[in-house]
Amino acid sequence: MLIVMRSDATEDQVEQVLDLVRQLGFKGHSMPGASRTAIGITGNPGPLDPGQFEDLPGVAEAIRVTKPYKLVGRDLKHDNTVIRIGDAEIGGAEPAIIAGPCAVESLDQTMEIAEVVASCGVPFFRGGAFKPRTSPYAFQGLGEEGLRILDKVRDRFGLKIVTEVLDPENVDLVERYADVLQIGARNMQNFSLLKRLGHARKPVLLKRGLSATLDEMLLAAEYVMSEGNYNVILCERGVRTFADHTRNTLDLSIVPAVQNLSHLPIIVDPSHGTGRRDKVIPLARASIAVGANGVMVEVHNHPELALSDGPQALLPEMFVQLVREIRDIHKVIAEAELNAAANG
Ligand code: PEP
Ligand code: MN
């Protein structure tokens, strides 16, 4: 059930609706929008009687939600969600760029790459301290030492830190160091991790599962939101197909599909999406052109020595070039959208 408040409804009236939801034993999620607040109700095992809400002051209407998800959908919140992280944002007017190595390998490696990222005026730095590797014998990440290095990156360059959390037990630890908590593709349907991150105070970057459908990705985001963390960013990173000219098949068509259904921001990771350095720039360009809210790319100062994902890492000079291109392409797309809107 979705309760739409009148545009002149007061905070007390919103609170009154939330009180009734609580008395009934359910959970109310208040989502303020530009023109009105809507309240999503979760935890009810069956349909609710709309009349009991419509009688309350300030309520415009109570609507049954027919989609499998309630909180991620545009029915609840029409306006795009903008995630604010300090003075940076994801989902706002400018495309967000998140860049850095696949894994934090050492202080020197991380600082050198962070310097390149910061020099481009890019606000977000990525780097894994806990790495989900196919082989148990491959480099698993530096763990807390890696997080401490990321802390130094934030201190030195003012970059916001995006880093992966692999399991529920480590959320407290990773949250102390991260600005954005990444859920990797392999964990997109790790439901206990999703629920735990629903109680985190930091935004969550949710990567699409290796073979996840659009609905499965949206429902994974719903898990996080249903526990009370509404700051979720979706990330397309390619899915498994028969194609073997790339590591994964980057599904850019999911960007407008998500934007149609959901108010959440969606970014694209062309590094894991292609697995090959020479394909990252073309697909990053396309990601911005298709309307993604940003890109996440891997960059390494010595990719030939990288402990993970070297073949897909951009060289520093390639990254500098890409940032310029992203800004140029975004300008053209924003102008085209304005023209389209003006022409009806
Ligand atoms: C990563 O971003 O480093 C990563 C492991 O990505 P994914 O979960 O998409 O494979
Ligand atoms: Mn990687």
# chains A, B, ... in the order shown; residues from 1 in each chain; ligands from 1
>>> residues_near_ligand(ligand="ligand 2", cutoff="10 Å", atoms="only C-alpha atoms and all ligand atoms", output="compact mmCIF listing (two decimals) with N, CA and C atoms, in the first residue's frame")
# COMPACT_ATOMS: atom_id res chain seq x y z
N GLY A 100 39.56 4.18 -9.60
CA GLY A 100 40.63 3.72 -8.73
C GLY A 100 40.98 2.29 -9.10
N PRO A 101 41.91 1.71 -8.37
CA PRO A 101 42.33 0.35 -8.71
C PRO A 101 41.26 -0.67 -8.33
N CYS A 102 41.36 -1.85 -8.91
CA CYS A 102 40.48 -2.94 -8.50
C CYS A 102 40.69 -3.18 -7.01
N ALA A 103 41.97 -3.37 -6.63
CA ALA A 103 42.28 -3.67 -5.24
C ALA A 103 43.32 -2.69 -4.70
N ARG A 126 37.65 4.52 -5.79
CA ARG A 126 37.30 3.14 -5.50
C ARG A 126 38.56 2.31 -5.24
N GLY A 127 38.39 1.21 -4.53
CA GLY A 127 39.51 0.29 -4.29
C GLY A 127 39.04 -0.76 -3.29
N GLY A 128 39.27 -2.01 -3.63
CA GLY A 128 38.79 -3.08 -2.76
C GLY A 128 39.83 -3.46 -1.71
N LYS A 131 38.44 -8.58 -1.29
CA LYS A 131 38.18 -8.90 -2.69
C LYS A 131 37.49 -10.25 -2.86
N PRO A 132 36.41 -10.29 -3.63
CA PRO A 132 35.75 -11.56 -3.92
C PRO A 132 36.45 -12.21 -5.12
N ARG A 133 37.28 -13.21 -4.90
CA ARG A 133 38.06 -13.79 -5.99
C ARG A 133 37.55 -15.19 -6.33
N GLY A 184 29.14 -6.35 -4.17
CA GLY A 184 29.64 -6.89 -5.43
C GLY A 184 28.59 -7.74 -6.14
N ASP A 269 29.60 0.29 -14.93
CA ASP A 269 31.00 -0.11 -14.74
C ASP A 269 31.47 -0.81 -16.02
N SER A 271 34.46 -1.38 -16.87
CA SER A 271 35.71 -2.14 -16.66
C SER A 271 35.39 -3.62 -16.50
N HIS A 272 34.53 -3.96 -15.52
CA HIS A 272 34.12 -5.37 -15.38
C HIS A 272 33.19 -5.76 -16.53
N GLY A 275 36.13 -6.10 -19.45
CA GLY A 275 37.33 -6.86 -19.06
C GLY A 275 38.56 -6.52 -19.88
N VAL A 297 35.18 3.22 -13.06
CA VAL A 297 36.23 2.58 -13.87
C VAL A 297 37.46 2.26 -13.03
N GLU A 298 38.14 1.20 -13.45
CA GLU A 298 39.38 0.81 -12.76
C GLU A 298 40.58 1.46 -13.46
N VAL A 299 41.48 1.97 -12.62
CA VAL A 299 42.68 2.66 -13.11
C VAL A 299 43.87 2.09 -12.35
N LEU A 307 47.56 -6.88 -8.95
CA LEU A 307 47.26 -8.17 -8.30
C LEU A 307 45.85 -8.66 -8.66
N SER A 308 45.05 -7.79 -9.27
CA SER A 308 43.76 -8.25 -9.82
C SER A 308 43.31 -7.31 -10.92
N ASP A 309 42.70 -7.89 -11.93
CA ASP A 309 42.06 -7.14 -13.02
C ASP A 309 42.97 -6.17 -13.78
N GLY A 310 44.26 -6.49 -13.88
CA GLY A 310 45.18 -5.64 -14.65
C GLY A 310 44.73 -5.41 -16.10
N PRO A 311 44.27 -6.46 -16.81
CA PRO A 311 43.95 -6.28 -18.24
C PRO A 311 42.84 -5.26 -18.52
N GLN A 312 42.03 -4.96 -17.50
CA GLN A 312 40.94 -4.00 -17.75
C GLN A 312 41.22 -2.62 -17.16
N ALA A 313 42.38 -2.47 -16.52
CA ALA A 313 42.68 -1.19 -15.86
C ALA A 313 43.11 -0.15 -16.90
>>> select_by_dssp(residues="stretch 83-255 of chain A", states="alpha helix (DSSP H)", output="PyMOL selection string")
chain A and resi 107-119+144-157+171-177+191-197+214-226+254-255
>>> select_by_dssp(residues="stretch 97-207 of chain A", states="strand (DSSP E)", output="PyMOL selection string")
chain A and resi 97-100+124-126+160-164+180-183+204-207
>>> atom_distance(atom1="atom CA of A:Arg74", atom2="atom CA of A:His263")
5.5 Å
>>> closest_residue(among="A:Ser106, A:Thr249, A:Gln140, A:Thr37", to="A:Thr10", atoms="only C-alpha atoms")
A:Thr37
>>> closest_residue(among="A:Ser262, A:Asn248, A:Ser253, A:Gln109", to="A:Asp75", atoms="only C-alpha atoms")
A:Ser262
>>> closest_residue(among="A:Leu56, A:Leu2, A:Leu205, A:Leu194", to="ligand 1", atoms="only C-alpha atoms and all ligand atoms")
A:Leu205
>>> closest_residue(among="A:Phe125, A:Tyr137, A:Phe157, A:Tyr177", to="ligand 1", atoms="only C-alpha atoms and all ligand atoms")
A:Phe125
>>> atom_distance(atom1="atom CA of A:Arg276", atom2="atom CA of A:Lys331")
26.8 Å
>>> residues_around(residues="stretch 254-261 of chain A", least_positions_apart="5", cutoff="7 Å", atoms="only C-alpha atoms", output="list in words")
Gly73, Arg74, Ile266 and Ala292 of chain A
>>> closest_residue(among="A:Leu338, A:Ile281, A:Ala220, A:Leu181", to="ligand 1", atoms="only C-alpha atoms and all ligand atoms")
A:Leu181
>>> decode(residues="stretch 108-145 of chain A", atoms="C-alpha atoms", output="short mmCIF file (atom, residue, chain, number, x, y, z; two decimals), in the first residue's frame")
data_model
loop_
_atom_site.label_atom_id
_atom_site.label_comp_id
_atom_site.auth_asym_id
_atom_site.auth_seq_id
_atom_site.Cartn_x
_atom_site.Cartn_y
_atom_site.Cartn_z
CA ASP A 108 52.37 3.80 -2.72
CA GLN A 109 50.25 2.20 -5.45
CA THR A 110 47.04 3.58 -3.96
CA MET A 111 48.36 7.09 -3.37
CA GLU A 112 49.80 7.35 -6.88
CA ILE A 113 46.51 6.38 -8.47
CA ALA A 114 44.52 8.60 -6.10
CA GLU A 115 46.65 11.57 -7.13
CA VAL A 116 45.66 11.04 -10.77
CA VAL A 117 41.97 10.69 -9.87
CA ALA A 118 42.02 13.80 -7.65
CA SER A 119 43.90 15.84 -10.26
CA CYS A 120 40.93 15.43 -12.62
CA GLY A 121 38.52 16.89 -10.06
CA VAL A 122 36.78 13.54 -9.74
CA PRO A 123 35.11 13.18 -6.32
CA PHE A 124 35.04 9.41 -5.77
CA PHE A 125 37.85 6.90 -5.30
CA ARG A 126 37.30 3.14 -5.50
CA GLY A 127 39.51 0.29 -4.29
CA GLY A 128 38.79 -3.08 -2.76
CA ALA A 129 40.25 -4.06 0.61
CA PHE A 130 38.17 -7.24 0.72
CA LYS A 131 38.18 -8.90 -2.69
CA PRO A 132 35.75 -11.56 -3.92
CA ARG A 133 38.06 -13.79 -5.99
CA THR A 134 37.14 -16.83 -8.05
CA SER A 135 40.15 -18.74 -6.72
CA PRO A 136 40.87 -19.04 -2.99
CA TYR A 137 44.57 -18.81 -3.88
CA ALA A 138 44.26 -15.42 -5.59
CA PHE A 139 44.99 -12.15 -3.74
CA GLN A 140 42.11 -11.62 -1.32
CA GLY A 141 42.79 -7.98 -0.48
CA LEU A 142 44.66 -6.32 2.39
CA GLY A 143 41.65 -6.30 4.71
CA GLU A 144 41.71 -3.64 7.42
CA GLU A 145 45.19 -2.49 6.38
#
